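Working notes, beginning with the structure itself.
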Amino acid sequence: MENIELIGRNLTRFERFDKEIPNNWNNYDFFLDYLNDNFKRYLSLLPSFEGYVQRRLFEKKDTAGCLCEKIIKTTADYLKGKTMTAYKDMNEAFTCISDILTKKSQNRYTTGAEFGFKARVISDSKTVPTREDMFHIPFEKRHLVQDNRYSIHGVPSVYLGRSIFDCYLELGKPELDNFWVSLFTFSQNAENVLEANQINLIDLTISHSNHKTSIIWEHVKKDEDGLKAKLDCFVDDILLWPLVMTCSVSCKYPNDAFQQEYIIPQIIYQFCSDYNEFVGIKYISTKYKNVSADIYLHALSNYALPAHDVRRAGYCPKLASQLALTEPVNIKQCLEVKIDTQNNISTNGFPILTNMNKSLKDDEILLLLDKMTLHFDSLLLSFMKEKNAEILKPLYGWKEE
């Protein structure tokens with residue numbers, strides 16, 4: 001049985017990955033040099049783990065080496081113009097870790113339904129957006145879909161944030177008068193909106209809060225099998241770290257035509273169509289400069305859900321039936337909402353950011369965003385009580401059983 005000191009040392013080593021390896025390549029002239037150096041550093045740290053974690057990592061050392069090697073080869077082939085070879089390289093890497101990704105998706109830290117927020121900026125003050133406006137760009141307007149970290153030209157996607165603040169950062173901190181938000185939930189049908197089967201996502205988030213010593217120690221005190229299961233999740237996150245890191249690199253030239261940092265994320269994004277098991281991707285936001293650790297852990301992750309069933313016009317039937325959403329609201333509709341200063345999580349699990357850090361309690365923007373968050377919390381409570389489908393429903397019919 002592992003002891004608390006050994007577990008703590010292993011967690012500290014894991015945190016070194018983020019602390020010692022930069023998420024940008026500003027000090028490099030060549031992107032591949034940045035990846036090579038970081039992967040060498042990562043692989044050199046693996047033998048420093050102890051106990052059960054060390055033994056499991058040794059058993060899976062080929063997985064770690066293969067993933068690093070294939071990411072390098074994929075990037076190199078893509079930069080040579082060998083895009084088909086690059087896709088094949090990454091597919092081989094994905095095959096090596098697909099079992100880890102499947103297990104990680106099934107073990108996502110959610111209860112019942114999983115929620116996300118979608119925001120849009122509407123500059124015309126007289127225009128009130130509809131629920132359709134909050135979905136993906138319709139197929140007849142696919143020419144508007146740009147290239148991004150988790151998108152490719154012409155393929156519409158639904159993008160969601162774990163918090164309204166996350167959406168606010170992703171949209172460049174717009175004026176709140178022009179900022180509209182809808183709440184989304186991953187749902188299966190009208191009868192079990194809040195008890196839906198989980199939708200499998202390629203989960204590229206690693207939250208150190210899930211591996212806190214105190215959480216793992218609870219399993220130590222219960223039973224050895226529970227501890228091993230928890231430590232296995234920890235090992236999986238260690239093995240996935242090279243992919244998570246590669247997909248989270250900040251853009252060195254964000255305003256230019258080509259971002260090398262998007263090569264691997266965009267190929268992973270395309271796997272959502274090739275592997276029917278996965279509907280989309282959950283990933284870490286890169287908009288976290290000057291953000292406290294508590295907010296980063298609880299609020300700054302995103303969802304990218306590409307269209308699966310392509311049509312001439314309209315919306316993806318699969319997403320339109322699996323995602324239920326509310327009517328969009330603006331801050332003007334939420335000004336009278338009261339914030340309970342005692343809790344940092346709402347009744348339905350939404351983060352109340354101004355309660356997470358004392359230094360944020362007077363931040364005017366965050367206070368307004370928290371009011372919007374609690375407005376949706378109240379809407380969801382009303383929905384659960386009244387079962388009123390006008391509050392929360394999909395664009396199209398519910399997915400058939």
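Residue numbering restarts at 1 in every chain; chains get A, B, ... in the order shown in the structure tokens, and ligands count up from 1 in that same order.
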
Please identify the strand (DSSP E or B) residues within range 37-173 of chain A (assignment by DSSP from backbone atoms) and present them as number ranges by chain. A: 115-121, 148, 151, 157-161

For the selection you just gave me, I'd like the residues written to a file as a tab-separated table (two decimals), in the first residue's frame, keeping all heavy atoms.
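Ended up saving to selection.tsv:
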chain	number	residue	atom	x	y	z
A	115	PHE	N	-22.36	20.05	-18.69
A	115	PHE	CA	-22.82	21.35	-19.18
A	115	PHE	C	-21.69	22.15	-19.82
A	115	PHE	O	-20.52	21.97	-19.52
A	115	PHE	CB	-23.39	22.16	-18.02
A	115	PHE	CG	-24.51	21.47	-17.28
A	115	PHE	CD1	-24.29	20.82	-16.08
A	115	PHE	CD2	-25.79	21.47	-17.80
A	115	PHE	CE1	-25.31	20.18	-15.40
A	115	PHE	CE2	-26.82	20.83	-17.13
A	115	PHE	CZ	-26.59	20.19	-15.94
A	116	GLY	N	-22.07	23.08	-20.68
A	116	GLY	CA	-21.15	24.03	-21.26
A	116	GLY	C	-21.91	25.28	-21.65
A	116	GLY	O	-23.14	25.28	-21.74
A	117	PHE	N	-21.18	26.36	-21.87
A	117	PHE	CA	-21.79	27.62	-22.27
A	117	PHE	C	-21.30	28.03	-23.65
A	117	PHE	O	-20.16	27.76	-24.03
A	117	PHE	CB	-21.44	28.73	-21.27
A	117	PHE	CG	-21.99	28.51	-19.89
A	117	PHE	CD1	-21.24	27.87	-18.91
A	117	PHE	CD2	-23.27	28.93	-19.58
A	117	PHE	CE1	-21.75	27.66	-17.64
A	117	PHE	CE2	-23.80	28.73	-18.30
A	117	PHE	CZ	-23.03	28.09	-17.34
A	118	LYS	N	-22.18	28.65	-24.41
A	118	LYS	CA	-21.82	29.17	-25.74
A	118	LYS	C	-22.14	30.66	-25.75
A	118	LYS	O	-23.21	31.09	-25.33
A	118	LYS	CB	-22.63	28.46	-26.83
A	118	LYS	CG	-22.48	29.04	-28.24
A	118	LYS	CD	-21.10	28.81	-28.80
A	118	LYS	CE	-20.95	29.40	-30.22
A	118	LYS	NZ	-21.72	28.64	-31.21
A	119	ALA	N	-21.17	31.46	-26.22
A	119	ALA	CA	-21.36	32.91	-26.26
A	119	ALA	C	-21.17	33.42	-27.68
A	119	ALA	O	-20.43	32.84	-28.48
A	119	ALA	CB	-20.39	33.59	-25.32
A	120	ARG	N	-21.87	34.50	-27.97
A	120	ARG	CA	-21.71	35.21	-29.25
A	120	ARG	C	-21.72	36.70	-28.99
A	120	ARG	O	-22.37	37.19	-28.06
A	120	ARG	CB	-22.83	34.86	-30.22
A	120	ARG	CG	-22.67	33.54	-30.95
A	120	ARG	CD	-23.55	33.51	-32.18
A	120	ARG	NE	-23.16	34.52	-33.16
A	120	ARG	CZ	-23.81	34.76	-34.31
A	120	ARG	NH1	-24.90	34.04	-34.58
A	120	ARG	NH2	-23.41	35.66	-35.14
A	121	VAL	N	-21.00	37.42	-29.85
A	121	VAL	CA	-21.01	38.88	-29.79
A	121	VAL	C	-21.92	39.38	-30.90
A	121	VAL	O	-21.71	39.09	-32.08
A	121	VAL	CB	-19.60	39.45	-29.96
A	121	VAL	CG1	-19.64	40.98	-30.02
A	121	VAL	CG2	-18.69	38.99	-28.82
A	148	ASN	N	-8.85	27.08	-37.12
A	148	ASN	CA	-8.51	27.35	-35.73
A	148	ASN	C	-7.84	26.12	-35.12
A	148	ASN	O	-7.63	25.12	-35.79
A	148	ASN	CB	-9.75	27.75	-34.92
A	148	ASN	CG	-10.18	29.18	-35.21
A	148	ASN	OD1	-9.45	30.13	-34.94
A	148	ASN	ND2	-11.37	29.34	-35.77
A	151	SER	N	-10.38	23.21	-35.49
A	151	SER	CA	-11.30	23.31	-36.63
A	151	SER	C	-10.46	23.36	-37.89
A	151	SER	O	-9.27	23.67	-37.84
A	151	SER	CB	-12.18	24.56	-36.53
A	151	SER	OG	-11.44	25.73	-36.83
A	157	SER	N	-18.56	23.60	-36.42
A	157	SER	CA	-18.45	22.95	-35.12
A	157	SER	C	-19.22	23.76	-34.08
A	157	SER	O	-19.41	24.96	-34.24
A	157	SER	CB	-16.99	22.83	-34.67
A	157	SER	OG	-16.24	22.01	-35.54
A	158	VAL	N	-19.63	23.06	-33.03
A	158	VAL	CA	-20.18	23.74	-31.85
A	158	VAL	C	-19.05	23.87	-30.84
A	158	VAL	O	-18.41	22.89	-30.49
A	158	VAL	CB	-21.35	22.94	-31.23
A	158	VAL	CG1	-21.81	23.61	-29.94
A	158	VAL	CG2	-22.50	22.82	-32.21
A	159	TYR	N	-18.79	25.10	-30.41
A	159	TYR	CA	-17.75	25.36	-29.42
A	159	TYR	C	-18.39	25.82	-28.12
A	159	TYR	O	-19.21	26.73	-28.11
A	159	TYR	CB	-16.77	26.42	-29.92
A	159	TYR	CG	-15.99	25.98	-31.12
A	159	TYR	CD1	-16.38	26.36	-32.41
A	159	TYR	CD2	-14.88	25.14	-31.00
A	159	TYR	CE1	-15.68	25.94	-33.52
A	159	TYR	CE2	-14.18	24.71	-32.11
A	159	TYR	CZ	-14.58	25.11	-33.36
A	159	TYR	OH	-13.88	24.68	-34.47
A	160	LEU	N	-18.01	25.19	-27.02
A	160	LEU	CA	-18.55	25.51	-25.71
A	160	LEU	C	-17.42	25.78	-24.72
A	160	LEU	O	-16.32	25.24	-24.87
A	160	LEU	CB	-19.41	24.36	-25.17
A	160	LEU	CG	-20.54	23.86	-26.07
A	160	LEU	CD1	-21.20	22.64	-25.44
A	160	LEU	CD2	-21.57	24.96	-26.32
A	161	GLY	N	-17.71	26.58	-23.71
A	161	GLY	CA	-16.77	26.83	-22.64
A	161	GLY	C	-17.29	26.26	-21.33
A	161	GLY	O	-18.51	26.20	-21.12

Please identify all polymer residues within 7 Å of range 22-32 of chain A, counting only C-alpha atoms, omitting same-chain residues fewer than 2 positions from it, and present them as a list of chain:residue names. A:Glu20, A:Tyr34, A:Leu35, A:Asn36, A:Ile72, A:Ser248, A:Val249, A:Ser250, A:Lys252

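Checking A:Leu366, A:Ser346, A:Glu175, A:Leu6 one by one against Leu381 in chain A, counting only C-alpha atoms, you find the shortest gap at A:Ser346.
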
The residue from A:Glu386, A:Glu261, A:Asp370, A:Asp309 with the smallest atom-to-atom distance to Tyr78 in chain A, counting only C-alpha atoms, is A:Glu261

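CA of Lys73 in chain A to CA of Lys40 in chain A spans 14.6 Å [interatomic distance, one decimal].
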
Pick out the residues sitting within 9 Å of Ile339 in chain A, and hand them over as JSON, numbers by chain; count only C-alpha atoms, and ignore anything fewer than 2 positions along from it in its own chain. {"A": [337, 341, 342, 352, 367, 370, 371, 374]}
